[in-house]
There are 4 protein chains.
Amino acid sequence: MSSPPPANAPSKGDRTRRRLLDAAAAEIARRGPDGTSLAAVARRAELKAGSVYFHFDSRDHLIEAVLEEGVRESLRILDDAVSALAAPSAAPERLRAAVRAHLRAIEELSDYAMVVLAPPFHTAGDRMPVYRDALRTYLARWTELISDAQDAGVLPGGTDPRSLRDLVLGGLNASGLAGRPVADTARAMESLLGLDDG
Amino acid sequence: MSSPPPANAPSKGDRTRRRLLDAAAAEIARRGPDGTSLAAVARRAELKAGSVYFHFDSRDHLIEAVLEEGVRESLRILDDAVSALAAPSAAPERLRAAVRAHLRAIEELSDYAMVVLAPPFHTAGDRMPVYRDALRTYLARWTELISDAQDAGVLPGGTDPRSLRDLVLGGLNASGLAGRPVADTARAMESLLGLDDG
Amino acid sequence: MSSPPPANAPSKGDRTRRRLLDAAAAEIARRGPDGTSLAAVARRAELKAGSVYFHFDSRDHLIEAVLEEGVRESLRILDDAVSALAAPSAAPERLRAAVRAHLRAIEELSDYAMVVLAPPFHTAGDRMPVYRDALRTYLARWTELISDAQDAGVLPGGTDPRSLRDLVLGGLNASGLAGRPVADTARAMESLLGLDDG
Amino acid sequence: MSSPPPANAPSKGDRTRRRLLDAAAAEIARRGPDGTSLAAVARRAELKAGSVYFHFDSRDHLIEAVLEEGVRESLRILDDAVSALAAPSAAPERLRAAVRAHLRAIEELSDYAMVVLAPPFHTAGDRMPVYRDALRTYLARWTELISDAQDAGVLPGGTDPRSLRDLVLGGLNASGLAGRPVADTARAMESLLGLDDG
DNA sequence: CATGAATGAGGCTTCATTCAT
DNA sequence: AATGAATGAAGCCTCATTCAT
């Protein structure tokens with residue numbers, strides 16, 4: 001017979017769930033949340049549409065899970081990068097690390113990043129509280145970083161840090177989602193932010 | 001018995017067409033192109049869904065008309081602003097005028113701007129050549145402005161001007177669409193671009 | 001001003017009505033009564049759909065007028081041909097004249113014939129009494145001709161003449177509508193009916 | 001708890017599919033392919049319109065399946081009848097068997113036959129290649145039979161066998177579809193074709 | 001006479017969802 | 001854990017028809 005599974009191995013159900021999340025992320029990245037049909041996701045995951053309901057309560061719950069996972073992973077990458085700095089580190093240094101982390105997230109998360117960062121998807125937040133809260137946390141973290149940099153004189157004070165944050169994140173996302181080379185984008189943004197040299 | 005209409009008065013059809021475009025812009029701004037149903041547009045325009053076909057060939061044609069008008073108007077505002085400068089004017093001056101024009105477009109065009117600038121809508125471009133071409137023209141104009149600014153030493157050379165362009169436009173759009181005060185956004189962006197003083 | 005029209009000249013309305021009938025016949029011949037839309041007919045007649053209602057009470061009335069005209073003309077051709085024979089003429093001679101007249105009708109009436117003779121259109125008869133009655137008259141005339149030929153010993157007696165009539169007309173119609181050369185069809189049918197030589 | 005189904009029992013899906021085909025045949029026979037609405041078919045099959053799509057890709061595919069099945073069954077009946085003759089059998093004998101087979105098909109296939117044989121339905125062939133090909137095969141088989149009969153001197157030579165075939169099939173169809181007694185129609189056609197006695 | 005504009009009904013199709021198996 | 005089958009709502013579109021102009 002088959003040998004017993006290792007202790008922490010993902011069960012069959014876990015693996016199917018993962019396939020569904022990946023399939024949904026791919027569809028959402030290509031067609032947007034509204035253009036994504038359960039049938040298309042199921043097909044991509046090699047399942048029938050009805051079977052999705054064994055793993056998720058509804059189409060919206062599946063989509064929300066994808067969006068939330070995207071933001072949560074982005075936050076993890078961001079926090080890891082900032083934590084990895086020799087503490088205590090200066091605001092500009094942290095800001096530069098954040099810029100790079102954000103771009104790395106876009107690169108590494110592929111479909112999940114596309115799904116999360118494209119601004120118009122934010123409208124989905126209305127119906128999806130878990131996703132909305134995760135996004136708020138992510139943005140709050142950035143607001144802090146920006147605010148600190150303003151206090152340190154690296155960024156212009158007297159401006160709502162959220163405006164600056166949107167300017168920075170919006171720029172990074174647009175460039176990243178357009179497929180510009182990450183190194184290019186990073187260098188240009190760091191130059192604009194006056195973070196050129198260590 | 002009714003007095004004759006003035007020479008250039010819009011006909012009843014013209015007025016209905018305009019109502020439809022505005023209604024569609026509002027819906028698209030709120031739900032995205034894919035989330036916009038013909039019935040919702042018609043309801044907003046106080047028409048029945050079937051009547052839309054008297055004015056547009058299909059839902060897609062209507063949506064494309066909205067997107068295209070948004071970009072076209074944005075381009076007009078941009079070109080007007082740059083042309084209004086005392087010629088010949090320097091690259092930085094032109095860039096600053098463009099930044100302000102773009103923000104003004106976001107403000108003035110309201111729904112149409114939202115519709116046009118939100119990056120993910122770009123996917124709609126696949127099926128909508130007229131919109132796609134208009135968008136290309138708009139982006140090309142910006143690439144030029146950026147490139148000139150690079151040549152003038154205001155922006156970092158050695159970077160693909162399209163990366164810089166996406167950074168700038170992406171930032172402005174995100175900030176503008178998020179409803180940040182335009183003055184704030186303008187000041188912050190000009191500071192980042194080193195355009196602070198004349 | 002314009003000179004007064006000649007006494008019996010068709011009025012403008014008459015001419016439009018004729019254009020509509022011809023256009024409808026063409027559409028019906030190509031797509032069948034159910035596949036024929038008012039818009040298509042109007043387009044072919046270079047009118048707008050709404051204008052049709054000035055000339056006909058409804059789409060069904062227009063279609064019925066076409067069908068009826070087709071049968072009426074076929075009957076005229078048939079009666080003319082039989083009347084033209086040197087009276088009194090024998091049954092076989094009359095039958096041969098009828099066969100040739102029917103084929104000539106198919107040829108000359110073109111769209112109108114196609115419209116009339118294709119059996120499945122008979123279902124339209126349910127809603128269209130004028131057409132149904134005209135068709136009955138036509139079929140009755142043929143039943144007589146067949147019956148006379150049976151009495152004259154040219155066709156097998158002891159068979160319901162209507163069965164024979166359907167056999168003959170069905171064959172002629174199928175061959176004619178399939179576009180077989182009329183001479184071929186006529187010769188073959190006359191041979192089957194034993195009408196080869198005078 | 002329920003006893004296991006017999007080996008070759010049709011599944012629930014098979015039975016629904018059959019109900020749909022029958023319902024569609026009935027509708028087509030009564031209103032023609034163009035007059036047949038999905039809703040009407042679904043109602044007759046005691047299903048909702050949308051459910052049809054679980055079994056067929058589109059309304060056109062369903063209709064084509066009906067037409068094709070009608071011709072295919074007719075061909076089977078024809079081939080069975082001719083094969084059943086003591087081989088080798090003479091051309092006239094085969095032709096007589098074919099005439100009777102064709103009439104039997106009209107009788108047995110009921111709605112399916114009506115659907116298949118009514119000439120104007122041929123226009124449907126444009127969009128329906130499977131049906132078109134089946135029909136061609138059927139007609140080709142008849143052309144052979146006719147041609148052989150010509151060679152054997154039973155039917156007039158010097159005439160395109162396809163004209164003769166249309167004459168014969170058109171006659172049989174018209175008479176069969178009009179509901180004439182099959183025995184009457186068979187006797188009359190055999191008399192016309194000179195096939196009266198063995 | 002004819003058009004422009006609108007309507008309401010109906011048609012085809014997609015889709016999220018349910019449920020028995 | 002997954003499928004087969006069905007549903008009902010909704011979406012897009014066509015069309016006969018009406019009516020003011």
# chains A, B, ... in the order shown; residues from 1 in each chain; ligands from 1
call {"tool": "interface_residues", "arguments": {"of": "chain A", "to": "chain F", "cutoff": "9 Å", "atoms": "only C-alpha atoms (C1' of nucleotides)", "output": "PyMOL selection string"}}
result
chain A and resi 12-13+47-48+50-51+54
call {"tool": "calpha_fit_and_write", "arguments": {"fixed": "chain D", "moving": "chain A", "output": "mmCIF file with C-alpha atoms, in the first residue's frame"}}
result
data_model
loop_
_atom_site.group_PDB
_atom_site.id
_atom_site.type_symbol
_atom_site.label_atom_id
_atom_site.label_comp_id
_atom_site.auth_asym_id
_atom_site.auth_seq_id
_atom_site.Cartn_x
_atom_site.Cartn_y
_atom_site.Cartn_z
ATOM 1 C CA MET A 1 -31.329 1.924 -1.399
ATOM 2 C CA SER A 2 -31.805 1.824 -5.133
ATOM 3 C CA SER A 3 -30.468 -1.173 -6.977
ATOM 4 C CA PRO A 4 -27.491 -0.513 -9.227
ATOM 5 C CA PRO A 5 -28.376 0.326 -12.821
ATOM 6 C CA PRO A 6 -27.951 -2.356 -15.473
ATOM 7 C CA ALA A 7 -24.735 -2.222 -17.422
ATOM 8 C CA ASN A 8 -25.845 -0.395 -20.556
ATOM 9 C CA ALA A 9 -28.722 1.588 -19.154
ATOM 10 C CA PRO A 10 -28.782 5.171 -20.388
ATOM 11 C CA SER A 11 -27.689 7.561 -17.664
ATOM 12 C CA LYS A 12 -29.925 10.342 -16.441
ATOM 13 C CA GLY A 13 -28.000 12.746 -18.637
ATOM 14 C CA ASP A 14 -28.547 10.541 -21.663
ATOM 15 C CA ARG A 15 -32.250 10.470 -21.025
ATOM 16 C CA THR A 16 -32.454 14.241 -20.690
ATOM 17 C CA ARG A 17 -30.483 14.640 -23.884
ATOM 18 C CA ARG A 18 -32.942 12.390 -25.661
ATOM 19 C CA ARG A 19 -35.890 14.348 -24.281
ATOM 20 C CA LEU A 20 -34.312 17.530 -25.583
ATOM 21 C CA LEU A 21 -33.738 16.116 -29.051
ATOM 22 C CA ASP A 22 -37.316 14.875 -29.256
ATOM 23 C CA ALA A 23 -38.675 18.161 -27.980
ATOM 24 C CA ALA A 24 -36.594 20.098 -30.476
ATOM 25 C CA ALA A 25 -37.692 17.843 -33.326
ATOM 26 C CA ALA A 26 -41.311 18.415 -32.402
ATOM 27 C CA GLU A 27 -40.853 22.174 -32.286
ATOM 28 C CA ILE A 28 -38.912 22.300 -35.523
ATOM 29 C CA ALA A 29 -41.507 20.177 -37.262
ATOM 30 C CA ARG A 30 -44.216 22.590 -36.157
ATOM 31 C CA ARG A 31 -42.516 25.955 -36.515
ATOM 32 C CA GLY A 32 -39.403 25.454 -38.579
ATOM 33 C CA PRO A 33 -35.836 25.924 -37.415
ATOM 34 C CA ASP A 34 -36.131 29.703 -37.262
ATOM 35 C CA GLY A 35 -39.413 29.638 -35.412
ATOM 36 C CA THR A 36 -38.061 27.329 -32.737
ATOM 37 C CA SER A 37 -37.062 29.013 -29.488
ATOM 38 C CA LEU A 38 -34.946 27.427 -26.809
ATOM 39 C CA ALA A 39 -37.559 28.293 -24.225
ATOM 40 C CA ALA A 40 -40.225 26.376 -26.162
ATOM 41 C CA VAL A 41 -37.980 23.345 -26.517
ATOM 42 C CA ALA A 42 -37.027 23.455 -22.858
ATOM 43 C CA ARG A 43 -40.646 23.742 -21.793
ATOM 44 C CA ARG A 44 -41.572 20.734 -23.875
ATOM 45 C CA ALA A 45 -38.704 18.795 -22.318
ATOM 46 C CA GLU A 46 -39.720 19.986 -18.853
ATOM 47 C CA LEU A 47 -36.506 21.879 -18.298
ATOM 48 C CA LYS A 48 -35.496 25.495 -17.927
ATOM 49 C CA ALA A 49 -33.904 27.185 -20.895
ATOM 50 C CA GLY A 50 -30.565 27.639 -19.194
ATOM 51 C CA SER A 51 -30.270 23.930 -18.493
ATOM 52 C CA VAL A 52 -30.100 23.135 -22.178
ATOM 53 C CA TYR A 53 -26.549 24.422 -22.186
ATOM 54 C CA PHE A 54 -25.459 21.577 -20.013
ATOM 55 C CA HIS A 55 -26.304 19.208 -22.864
ATOM 56 C CA PHE A 56 -25.675 21.263 -25.984
ATOM 57 C CA ASP A 57 -23.257 24.036 -26.742
ATOM 58 C CA SER A 58 -25.842 26.292 -28.317
ATOM 59 C CA ARG A 59 -29.247 26.410 -29.831
ATOM 60 C CA ASP A 60 -27.740 25.866 -33.272
ATOM 61 C CA HIS A 61 -25.882 22.786 -32.143
ATOM 62 C CA LEU A 62 -29.079 21.315 -30.748
ATOM 63 C CA ILE A 63 -30.948 21.977 -33.947
ATOM 64 C CA GLU A 64 -28.151 20.611 -36.031
ATOM 65 C CA ALA A 65 -28.125 17.443 -33.935
ATOM 66 C CA VAL A 66 -31.812 16.969 -34.663
ATOM 67 C CA LEU A 67 -31.434 17.514 -38.382
ATOM 68 C CA GLU A 68 -28.421 15.248 -38.559
ATOM 69 C CA GLU A 69 -30.092 12.488 -36.625
ATOM 70 C CA GLY A 70 -33.062 12.667 -38.978
ATOM 71 C CA VAL A 71 -30.942 12.221 -42.065
ATOM 72 C CA ARG A 72 -28.723 9.604 -40.478
ATOM 73 C CA GLU A 73 -31.714 7.490 -39.482
ATOM 74 C CA SER A 74 -33.237 7.879 -42.927
ATOM 75 C CA LEU A 75 -29.988 6.691 -44.439
ATOM 76 C CA ARG A 76 -29.892 3.718 -42.100
ATOM 77 C CA ILE A 77 -33.427 2.719 -43.078
ATOM 78 C CA LEU A 78 -32.556 3.114 -46.734
ATOM 79 C CA ASP A 79 -29.357 1.089 -46.501
ATOM 80 C CA ASP A 80 -30.999 -1.620 -44.439
ATOM 81 C CA ALA A 81 -33.783 -1.983 -46.992
ATOM 82 C CA VAL A 82 -31.473 -2.206 -49.958
ATOM 83 C CA SER A 83 -29.094 -4.593 -48.172
ATOM 84 C CA ALA A 84 -31.986 -6.850 -47.266
ATOM 85 C CA LEU A 85 -32.690 -7.599 -50.902
ATOM 86 C CA ALA A 86 -31.531 -10.932 -52.230
ATOM 87 C CA ALA A 87 -28.198 -9.958 -53.671
ATOM 88 C CA PRO A 88 -27.440 -9.379 -56.404
ATOM 89 C CA SER A 89 -30.728 -7.664 -57.208
ATOM 90 C CA ALA A 90 -31.692 -5.660 -60.240
ATOM 91 C CA ALA A 91 -31.787 -1.866 -60.369
ATOM 92 C CA PRO A 92 -35.568 -1.549 -60.580
ATOM 93 C CA GLU A 93 -36.006 -3.780 -57.596
ATOM 94 C CA ARG A 94 -33.551 -1.692 -55.622
ATOM 95 C CA LEU A 95 -35.262 1.506 -56.690
ATOM 96 C CA ARG A 96 -38.612 0.209 -55.564
ATOM 97 C CA ALA A 97 -37.151 -0.803 -52.225
ATOM 98 C CA ALA A 98 -35.680 2.678 -51.880
ATOM 99 C CA VAL A 99 -38.989 4.385 -52.591
ATOM 100 C CA ARG A 100 -40.662 2.305 -49.955
ATOM 101 C CA ALA A 101 -37.842 2.845 -47.488
ATOM 102 C CA HIS A 102 -38.039 6.578 -47.951
ATOM 103 C CA LEU A 103 -41.735 6.601 -47.308
ATOM 104 C CA ARG A 104 -41.274 4.347 -44.305
ATOM 105 C CA ALA A 105 -38.696 6.767 -42.947
ATOM 106 C CA ILE A 106 -41.142 9.631 -43.276
ATOM 107 C CA GLU A 107 -43.685 7.596 -41.394
ATOM 108 C CA GLU A 108 -41.487 6.179 -38.680
ATOM 109 C CA LEU A 109 -39.307 9.136 -37.933
ATOM 110 C CA SER A 110 -42.297 11.411 -37.641
ATOM 111 C CA ASP A 111 -40.996 14.738 -36.364
ATOM 112 C CA TYR A 112 -37.449 13.955 -37.362
ATOM 113 C CA ALA A 113 -38.458 13.224 -40.911
ATOM 114 C CA MET A 114 -40.510 16.355 -41.251
ATOM 115 C CA VAL A 115 -37.553 18.231 -39.980
ATOM 116 C CA VAL A 116 -35.164 16.742 -42.428
ATOM 117 C CA LEU A 117 -37.020 16.516 -45.648
ATOM 118 C CA ALA A 118 -38.790 19.796 -45.914
ATOM 119 C CA PRO A 119 -36.660 21.467 -48.574
ATOM 120 C CA PRO A 120 -36.555 24.964 -47.146
ATOM 121 C CA PHE A 121 -34.792 23.666 -44.121
ATOM 122 C CA HIS A 122 -31.913 23.061 -46.437
ATOM 123 C CA THR A 123 -30.982 26.666 -46.001
ATOM 124 C CA ALA A 124 -30.109 25.760 -42.443
ATOM 125 C CA GLY A 125 -27.326 23.694 -43.957
ATOM 126 C CA ASP A 126 -25.234 26.790 -44.499
ATOM 127 C CA ARG A 127 -24.513 27.100 -40.825
ATOM 128 C CA MET A 128 -24.548 23.388 -40.042
ATOM 129 C CA PRO A 129 -21.793 21.375 -41.678
ATOM 130 C CA VAL A 130 -22.529 18.089 -39.959
ATOM 131 C CA TYR A 131 -26.088 18.161 -41.179
ATOM 132 C CA ARG A 132 -25.043 19.307 -44.628
ATOM 133 C CA ASP A 133 -22.636 16.419 -45.031
ATOM 134 C CA ALA A 134 -25.162 13.853 -43.873
ATOM 135 C CA LEU A 135 -27.665 15.230 -46.348
ATOM 136 C CA ARG A 136 -25.133 15.066 -49.153
ATOM 137 C CA THR A 137 -24.469 11.438 -48.372
ATOM 138 C CA TYR A 138 -28.154 10.646 -48.459
ATOM 139 C CA LEU A 139 -28.646 12.402 -51.767
ATOM 140 C CA ALA A 140 -25.570 10.754 -53.246
ATOM 141 C CA ARG A 141 -26.966 7.343 -52.383
ATOM 142 C CA TRP A 142 -30.152 8.217 -54.234
ATOM 143 C CA THR A 143 -28.302 9.577 -57.223
ATOM 144 C CA GLU A 144 -26.613 6.199 -57.545
ATOM 145 C CA LEU A 145 -29.880 4.331 -57.382
ATOM 146 C CA ILE A 146 -31.395 6.560 -60.032
ATOM 147 C CA SER A 147 -28.348 6.345 -62.225
ATOM 148 C CA ASP A 148 -28.379 2.570 -62.052
ATOM 149 C CA ALA A 149 -32.032 2.552 -63.029
ATOM 150 C CA GLN A 150 -31.259 4.758 -65.990
ATOM 151 C CA ASP A 151 -28.522 2.397 -67.078
ATOM 152 C CA ALA A 152 -30.982 -0.456 -66.745
ATOM 153 C CA GLY A 153 -33.381 1.394 -69.009
ATOM 154 C CA VAL A 154 -36.085 1.811 -66.398
ATOM 155 C CA LEU A 155 -35.711 5.561 -66.266
ATOM 156 C CA PRO A 156 -35.047 7.865 -69.190
ATOM 157 C CA GLY A 157 -31.347 8.253 -69.948
ATOM 158 C CA GLY A 158 -29.945 11.505 -71.237
ATOM 159 C CA THR A 159 -31.184 13.326 -68.180
ATOM 160 C CA ASP A 160 -29.065 14.467 -65.282
ATOM 161 C CA PRO A 161 -29.797 11.803 -62.642
ATOM 162 C CA ARG A 162 -29.897 14.552 -60.033
ATOM 163 C CA SER A 163 -32.849 16.132 -61.791
ATOM 164 C CA LEU A 164 -34.628 12.840 -61.702
ATOM 165 C CA ARG A 165 -33.637 12.305 -58.111
ATOM 166 C CA ASP A 166 -35.064 15.681 -57.093
ATOM 167 C CA LEU A 167 -38.207 14.915 -59.009
ATOM 168 C CA VAL A 168 -38.666 11.635 -57.189
ATOM 169 C CA LEU A 169 -37.633 12.685 -53.716
ATOM 170 C CA GLY A 170 -39.416 16.001 -53.991
ATOM 171 C CA GLY A 171 -42.592 14.229 -54.969
ATOM 172 C CA LEU A 172 -42.343 11.671 -52.206
ATOM 173 C CA ASN A 173 -41.606 14.305 -49.602
ATOM 174 C CA ALA A 174 -44.393 16.609 -50.638
ATOM 175 C CA SER A 175 -46.888 13.799 -50.638
ATOM 176 C CA GLY A 176 -45.570 12.320 -47.413
ATOM 177 C CA LEU A 177 -45.427 15.595 -45.577
ATOM 178 C CA ALA A 178 -48.921 16.465 -46.746
ATOM 179 C CA GLY A 179 -50.075 13.391 -44.909
ATOM 180 C CA ARG A 180 -51.273 11.401 -47.915
ATOM 181 C CA PRO A 181 -51.651 7.689 -47.155
ATOM 182 C CA VAL A 182 -48.292 6.050 -47.716
ATOM 183 C CA ALA A 183 -49.758 3.126 -49.658
ATOM 184 C CA ASP A 184 -51.369 5.572 -52.079
ATOM 185 C CA THR A 185 -48.214 7.531 -52.530
ATOM 186 C CA ALA A 186 -46.096 4.422 -53.008
ATOM 187 C CA ARG A 187 -48.421 2.927 -55.593
ATOM 188 C CA ALA A 188 -48.648 6.163 -57.535
ATOM 189 C CA MET A 189 -44.907 6.769 -57.569
ATOM 190 C CA GLU A 190 -44.175 3.205 -58.573
ATOM 191 C CA SER A 191 -46.642 3.545 -61.365
ATOM 192 C CA LEU A 192 -44.992 6.737 -62.613
ATOM 193 C CA LEU A 193 -41.604 5.105 -62.420
ATOM 194 C CA GLY A 194 -42.790 2.033 -64.268
ATOM 195 C CA LEU A 195 -42.084 -0.212 -61.299
ATOM 196 C CA ASP A 196 -45.571 -1.602 -61.074
ATOM 197 C CA ASP A 197 -44.923 -5.281 -61.136
ATOM 198 C CA GLY A 198 -42.085 -7.365 -59.833
#
call {"tool": "select_by_dssp", "arguments": {"residues": "segment 7-120 of chain A", "states": "helix (DSSP H, G or I)", "output": "number ranges by chain"}}
result
A: 12-35, 38-44, 49-55, 59-83, 91-109, 111-117, 119-120
call {"tool": "closest_atom_pairs", "arguments": {"of": "chain E", "to": "chain D", "cutoff": "12 Å", "atoms": "only C-alpha atoms (C1' of nucleotides)", "output": "Markdown table"}}
result
| residue | atom | partner | partner_atom | distance |
| --- | --- | --- | --- | --- |
| E:DG10 | C1' | D:Ser37 | CA | 9.8 |
| E:DG11 | C1' | D:Ser37 | CA | 7.3 |
| E:DC12 | C1' | D:Arg59 | CA | 7.7 |
| E:DT13 | C1' | D:Gly50 | CA | 7.7 |
| E:DT14 | C1' | D:Gly50 | CA | 8.8 |
| E:DC15 | C1' | D:Gly50 | CA | 10.1 |
| E:DT21 | C1' | D:Lys12 | CA | 11.7 |
